[in-house]
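S.K.: Take a look at this one; I'll ask things after.
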Amino acid sequence: MTSGLLLIDKAQGWTSHDVVARTRRLAGTRKVGHAGTLDPMATGLLVLGVNSSTRLLTYVVGLDKEYLATIRLGQSTTTDDAEGEELTHASAGQVAAIAPAAVASGIEDLTGDISQQPSAVSAIKIDGQRAYARVRAGEDVQLPSRPVTVSVFELLASTAGDGFLDLEVRVECASGTYIRALARDLGVALGVGGHLTSLRRTRIGPFRIENAATLERVDVDANLISPTDAATRLLPRLDLSAEQAIDLGHGKRITVEKDVTRIGPVAAIAPDGTLIGLVEYRGNQAKSLLNFPPDEPAAATEPKQAS
């Protein structure tokens, strides 16, 4: 039974749950999960965990992300994206009057550490129920603003149309940032309204879309990132002796060189390259946080590039 992380290039129209369900059938196991939901309208990178490597998804969820998106200025919608109903529509004259300097200033104001109100149709839970479910049930949902970090908000190109202005942008941001909300807020700042017409996630932490495969073409076994490779991309590495690997596998603490700079989980690797588990440092000892069963090949491999 193999284990690892799988990079999938999600197609438009698929839900993240659809991708998980299809991968379960392809992999022949129920133990498949994902890190970081993508809306059906969005495309791009989903990181899946298969079998014991679902335990690593905890360390993927909070990583920074990169997106390519199209923001349409001149129209706002109920969902802040193209799937919602129109709320406002600026005149062609208002849109034509938008100065490039104003766009640049609006983008700059939405870069860095900012306060952002998530879209009402987000997956955020309110009293145990998703916000989007409450909206669909007819409730008026107003989510509180929260701090987010947008490290890069870059204008790549712009295209003027009949009563609208499309902005092609690249965004790098911390987990929890909503690109739809950036589109909405930029439109508000420019006085013409705005919404998202396309969204593609291109990176999650160290994992990039270039190494992802589509569901139609994926070979699960060939494209799995081994637990060792995945864990050492996500976390610091501790190389064990054979004796230490046995002790950790039995739940014992091991003596290590004291390193006060190491905070949080560390990937503990046996001499043969197997991921024994995750440990945390306690002075000059390492304590097991999570052990991994030997249900995967030891060799760490780079996933095949999608064609």
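Each chain in the structure tokens gets a letter, A, B and so on, in the order shown; residues start at 1 in every chain, and ligands are counted from 1 in the order they appear.
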Excluding stretch 154-165 of chain A and its own-chain neighbours fewer than 3 positions away, which residues fall within 6 Å of it when counting only C-alpha atoms? Please give them as an MDAnalysis selection string.
M.R.: chainID A and resid 72:74 92 168:170
S.K.: Neighbours of stretch 194-206 of chain A within 7 Å (only C-alpha atoms; same-chain residues fewer than 4 positions away dropped), as a list in words?
M.R.: Ala42, Thr43, Gly44, Leu45, Leu63, Asp64, Lys65, Glu66, Tyr67, Leu68, Ala69, Thr70, Ile71, Arg72, Leu73, Gly74, Gln75, Ser76, Thr77, Asp80, Asp81, Ala82, Arg180, Ala183, Arg184, Leu186, Gly187, Val188 and Arg233 of chain A
S.K.: Calculated over only C-alpha atoms, which of the candidates A:Ala189, A:Ala35, A:Ile246, A:Ala90 has the smallest distance to A:Leu110?
M.R.: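 Among the listed residues, the smallest separation from A:Leu110 belongs to A:Ala189.
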S.K.: As an exercise, work out the distance from atom CA of A:Pro100 to atom CA of A:Gly193 in Å and give it to one decimal place.
M.R.: 16.0 Å
S.K.: Go ahead and compute the interatomic distance for atom CA of A:His17 and atom CA of A:Ala181, in Å to one decimal.
M.R.: 23.0 Å
S.K.: What gap, in Å, lies between atom CA of A:Ala268 and atom CA of A:Gly62?
M.R.: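 Calculated distance between atom CA of A:Ala268 and atom CA of A:Gly62 is 21.2 Å.
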S.K.: Hey, what's within 9 Å of A:Arg55 if we count only C-alpha atoms and toss same-chain stuff fewer than 4 positions away? As a PyMOL selection string, please?
M.R.: chain A and resi 49+51+59+290+292
S.K.: Which residues, written as a ChimeraX atom specification, have at least one atom at most 7 Å from stretch 1-13 of chain A, with only C-alpha atoms counted and residues fewer than 2 positions away on the same chain left out?
M.R.: /A:15,40-53,209,211-215,223-227,230,295-296
